4 protein chains.
Amino acid sequence: MSTDTGIAAPPPSFEELADKVRKSPFHQWLGVQLVEMSADSITIEMPWREEFVSGVVQRNAHGGVLASLVDLTADFAIAARIGRGAPTIDLRVDFHRPALPGTVRATGRVIRLGRTITTAEAHLHDAEGRLVASGRAAYLLR
Amino acid sequence: MSTDTGIAAPPPSFEELADKVRKSPFHQWLGVQLVEMSADSITIEMPWREEFVSGVVQRNAHGGVLASLVDLTADFAIAARIGRGAPTIDLRVDFHRPALPGTVRATGRVIRLGRTITTAEAHLHDAEGRLVASGRAAYLLR
Amino acid sequence: MSTDTGIAAPPPSFEELADKVRKSPFHQWLGVQLVEMSADSITIEMPWREEFVSGVVQRNAHGGVLASLVDLTADFAIAARIGRGAPTIDLRVDFHRPALPGTVRATGRVIRLGRTITTAEAHLHDAEGRLVASGRAAYLLR
Amino acid sequence: MSTDTGIAAPPPSFEELADKVRKSPFHQWLGVQLVEMSADSITIEMPWREEFVSGVVQRNAHGGVLASLVDLTADFAIAARIGRGAPTIDLRVDFHRPALPGTVRATGRVIRLGRTITTAEAHLHDAEGRLVASGRAAYLLR
């Protein structure tokens with residue numbers, strides 16, 4: 001990794017990364033928490049809030065809430081590798097199923113860690129383990 | 001339009017569309033309001049909330065908040081044409097500049113109204129009129 | 001799968017799918033060939049052509065050639081599951097590294113097989129096994 | 001523009017840009033030609049080739065051919081502003097209608113010219129003036 005990217009910072013500990021996840025005011029509103037961190041991926045959980053509801057008849061979460069979770073989870077997958085996240089250049093999200101009330105579990109993974117551009121992805125599952133959304137984003141390092 | 005899509009419903013009035021924008025609990029939290037509606041485009045405004053803040057040092061809005069606004073504005077550009085929005089298939093957002101505290105003004109436009117798939121876009125400007133984000137999404141009609 | 005999608009067609013044999021890959025005139029020009037097919041993924045190889053070259057100084061493949069390979073590989077990952085591909089609604093491709101002269105190997109996988117919309121992805125590696133591009137697309141079943 | 005980006009190079013002449021469009025071997029194969037250039041946009045035409053055909057029954061152009069045209073047209077919209085194109089970070093293309101045999105006319109425009117990242121878009125129309133595809137891409141300046 002250091003040869004490829006010139007980034008030699010040691011990866012953060014679980015507790016350091018969990019702290020970073022909690023620091024953002026928007027993350028606090030979303031209620032997101034880091035729950036797992038491995039060499040390859042991280043997992044973040046988002047409990048339900050009634051303000052997430054998009055529709056009037058069907059009570060699924062708004063796509064913007066899921067898009068937020070894709071973006072931040074992919075970004076923290078990068079932070080798990082190099083100690084810090086990076087600004088999002090662009091974000092692309094596929095909505096696979098309505099996300100009904102319940103905790104959403106998001107798994108993030110780096111696709112390609114570059115010197116300038118890094119691409120990462122996230123997959124979001126509902127409490128029944130069904131894939132509700134997934135996506136990827138490009139991030140600008142340095 | 002009706003020849004192309006088979007959709008003959010009359011477009012909604014400004015007040016009908018403004019009501020629809022306000023109905024969603026997530027929209028209420030975002031504080032979004034319809035402010036303009038023409039044959040070609042709609043404009044939605046989003047006032048600032050401290051919970052939008054992404055970072056700790058810099059106080060810009062989280063990308064997920066802007067992505068939410070792109071999605072809902074593009075969706076309501078469709079609703080302005082055919083009387084109802086549609087579920088988002090996938091959303092793609094480019095982040096051009098940090099969106100600092102202040103009202104964000106979003107303009108939505110339909111790119112292509114199809115029978116099954118409709119593509120629409122939105123451009124988001126900050127209080128100084130600078131483009132902060134833009135994007136497009138595909139929506140599933142029927 | 002059949003419960004979820006209502007599509008009960010048996011998956012094709014390797015030879016049937018390899019034939020389909022070869023039938024398209026554009027595929028013939030690209031020179032793509034099916035080389036592997038499993039329950040979860042397919043692999044397609046694309047040999048080099050001098051007409052792929054994008055630049056004048058550096059001899060990497062044009063992004064459009066790689067985008068073509070992402071699109072067709074993801075589409076054939078669907079065909080491997082349900083016997084036929086589907087029209088692409090939209091395509092998103094990340095370019096990770098220049099693809100220099102040599103065979104490109106593309107692996108495709110279905111992300112979510114839906115009744116109406118299916119999302120699939122592809123990862124492209126060069127002859128040295130480096131990831132040169134990856135992406136996903138939404139396809140319209142019906 | 002120069003204040004915003006620090007790029008002070010004068011924009012190229014039509015003939016200089018037209019030459020650049022023709023130089024790439026892949027562009028030569030596609031047959032693309034610059035046909036218009038203004039302060040805001042460029043137009044590129046792509047004549048038909050039988051090798052573009054995707055299907056066997058319907059003779060529409062392969063999505064990869066259209067994606068190639070979106071990418072190169074958006075890139076040359078940047079080159080029209082700053083004298084050179086830039087590597088594509090990621091490309092996203094919406095397919096609106098089948099592109100049947102005939103010249104495709106692509107119009108490119110810069111969405112946001114940044115110091116490091118530039119976003120540009122292209123709209124593709126068939127010989128009857130119908131929008132067949134459109135999309136945008138992020139490019140890495142510097």
# chains A, B, ... in the order shown; residues from 1 in each chain; ligands from 1

$ select_by_dssp --residues "region 16-97 of chain D" --states "helix (DSSP H, G or I)" --output "ChimeraX atom specification"
/D:16-23,25-30,50-52,63-82

$ write_last_selection --atoms "C-alpha atoms" --output "mmCIF file, in the first residue's frame"
data_model
loop_
_atom_site.group_PDB
_atom_site.id
_atom_site.type_symbol
_atom_site.label_atom_id
_atom_site.label_comp_id
_atom_site.auth_asym_id
_atom_site.auth_seq_id
_atom_site.Cartn_x
_atom_site.Cartn_y
_atom_site.Cartn_z
ATOM 1 C CA GLU D 16 -6.536 23.108 -33.218
ATOM 2 C CA LEU D 17 -9.341 21.380 -31.340
ATOM 3 C CA ALA D 18 -10.570 19.575 -34.451
ATOM 4 C CA ASP D 19 -7.031 18.246 -34.950
ATOM 5 C CA LYS D 20 -6.879 16.970 -31.384
ATOM 6 C CA VAL D 21 -10.211 15.187 -31.837
ATOM 7 C CA ARG D 22 -8.855 13.404 -34.917
ATOM 8 C CA LYS D 23 -5.533 12.334 -33.395
ATOM 9 C CA PRO D 25 -6.682 6.081 -32.972
ATOM 10 C CA PHE D 26 -9.951 5.166 -31.233
ATOM 11 C CA HIS D 27 -11.524 8.438 -32.361
ATOM 12 C CA GLN D 28 -10.416 7.675 -35.901
ATOM 13 C CA TRP D 29 -12.125 4.324 -35.711
ATOM 14 C CA LEU D 30 -15.292 5.952 -34.345
ATOM 15 C CA GLU D 50 -21.887 -1.393 -39.065
ATOM 16 C CA GLU D 51 -19.497 -2.537 -36.315
ATOM 17 C CA PHE D 52 -21.419 -0.332 -33.852
ATOM 18 C CA GLY D 63 -24.213 1.252 -25.347
ATOM 19 C CA GLY D 64 -20.431 1.199 -25.174
ATOM 20 C CA VAL D 65 -20.199 3.180 -28.420
ATOM 21 C CA LEU D 66 -22.547 5.823 -27.019
ATOM 22 C CA ALA D 67 -20.688 5.832 -23.703
ATOM 23 C CA SER D 68 -17.450 6.424 -25.635
ATOM 24 C CA LEU D 69 -19.025 9.399 -27.383
ATOM 25 C CA VAL D 70 -20.323 10.861 -24.090
ATOM 26 C CA ASP D 71 -16.871 10.531 -22.542
ATOM 27 C CA LEU D 72 -14.898 12.063 -25.392
ATOM 28 C CA THR D 73 -17.388 14.864 -26.038
ATOM 29 C CA ALA D 74 -17.465 15.930 -22.392
ATOM 30 C CA ASP D 75 -13.662 15.749 -22.325
ATOM 31 C CA PHE D 76 -13.339 17.955 -25.418
ATOM 32 C CA ALA D 77 -15.750 20.470 -23.890
ATOM 33 C CA ILE D 78 -13.039 20.888 -21.252
ATOM 34 C CA ALA D 79 -10.318 21.060 -23.905
ATOM 35 C CA ALA D 80 -12.292 23.819 -25.632
ATOM 36 C CA ARG D 81 -11.976 25.857 -22.450
ATOM 37 C CA ILE D 82 -8.441 25.158 -21.299
#

$ residues_around --residues "region 92-106 of chain B" --least-positions-apart "6" --cutoff "6 Å" --atoms "only C-alpha atoms" --output "MDAnalysis selection string"
(chainID A and resid 89:92) or (chainID B and resid 43:48 60:61 123:127 132:136)

$ write_last_selection --atoms "C-alpha atoms" --output "PDB file, in the first residue's frame"
ATOM      1  CA  ILE A  89     -15.948  13.743  -5.653  1.00  0.00           C
ATOM      2  CA  ASP A  90     -19.093  11.942  -6.729  1.00  0.00           C
ATOM      3  CA  LEU A  91     -21.493   9.383  -5.322  1.00  0.00           C
ATOM      4  CA  ARG A  92     -23.621   6.788  -7.108  1.00  0.00           C
TER       5      ARG A  92
ATOM      6  CA  THR B  43     -37.083  25.192  -7.716  1.00  0.00           C
ATOM      7  CA  ILE B  44     -36.916  23.963  -4.146  1.00  0.00           C
ATOM      8  CA  GLU B  45     -35.239  25.745  -1.252  1.00  0.00           C
ATOM      9  CA  MET B  46     -33.632  24.111   1.748  1.00  0.00           C
ATOM     10  CA  PRO B  47     -32.838  26.335   4.772  1.00  0.00           C
ATOM     11  CA  TRP B  48     -29.848  25.527   6.936  1.00  0.00           C
ATOM     12  CA  ASN B  60     -20.038  22.382   5.331  1.00  0.00           C
ATOM     13  CA  ALA B  61     -23.163  20.312   4.738  1.00  0.00           C
ATOM     14  CA  HIS B 123     -28.463  21.672  -9.753  1.00  0.00           C
ATOM     15  CA  LEU B 124     -27.855  23.039  -6.255  1.00  0.00           C
ATOM     16  CA  HIS B 125     -26.655  26.597  -5.617  1.00  0.00           C
ATOM     17  CA  ASP B 126     -25.654  28.178  -2.333  1.00  0.00           C
ATOM     18  CA  ALA B 127     -26.830  31.574  -1.053  1.00  0.00           C
ATOM     19  CA  VAL B 132     -22.300  23.361  -4.906  1.00  0.00           C
ATOM     20  CA  ALA B 133     -23.578  20.049  -6.238  1.00  0.00           C
ATOM     21  CA  SER B 134     -25.482  18.605  -9.169  1.00  0.00           C
ATOM     22  CA  GLY B 135     -26.633  15.233 -10.265  1.00  0.00           C
ATOM     23  CA  ARG B 136     -29.171  13.061 -11.930  1.00  0.00           C
TER      24      ARG B 136
END

$ closest_residue --among "B:Thr116, B:Gly108, B:Ala122, B:Val57" --to "Leu141 (chain C)" --atoms "only C-alpha atoms"
B:Thr116
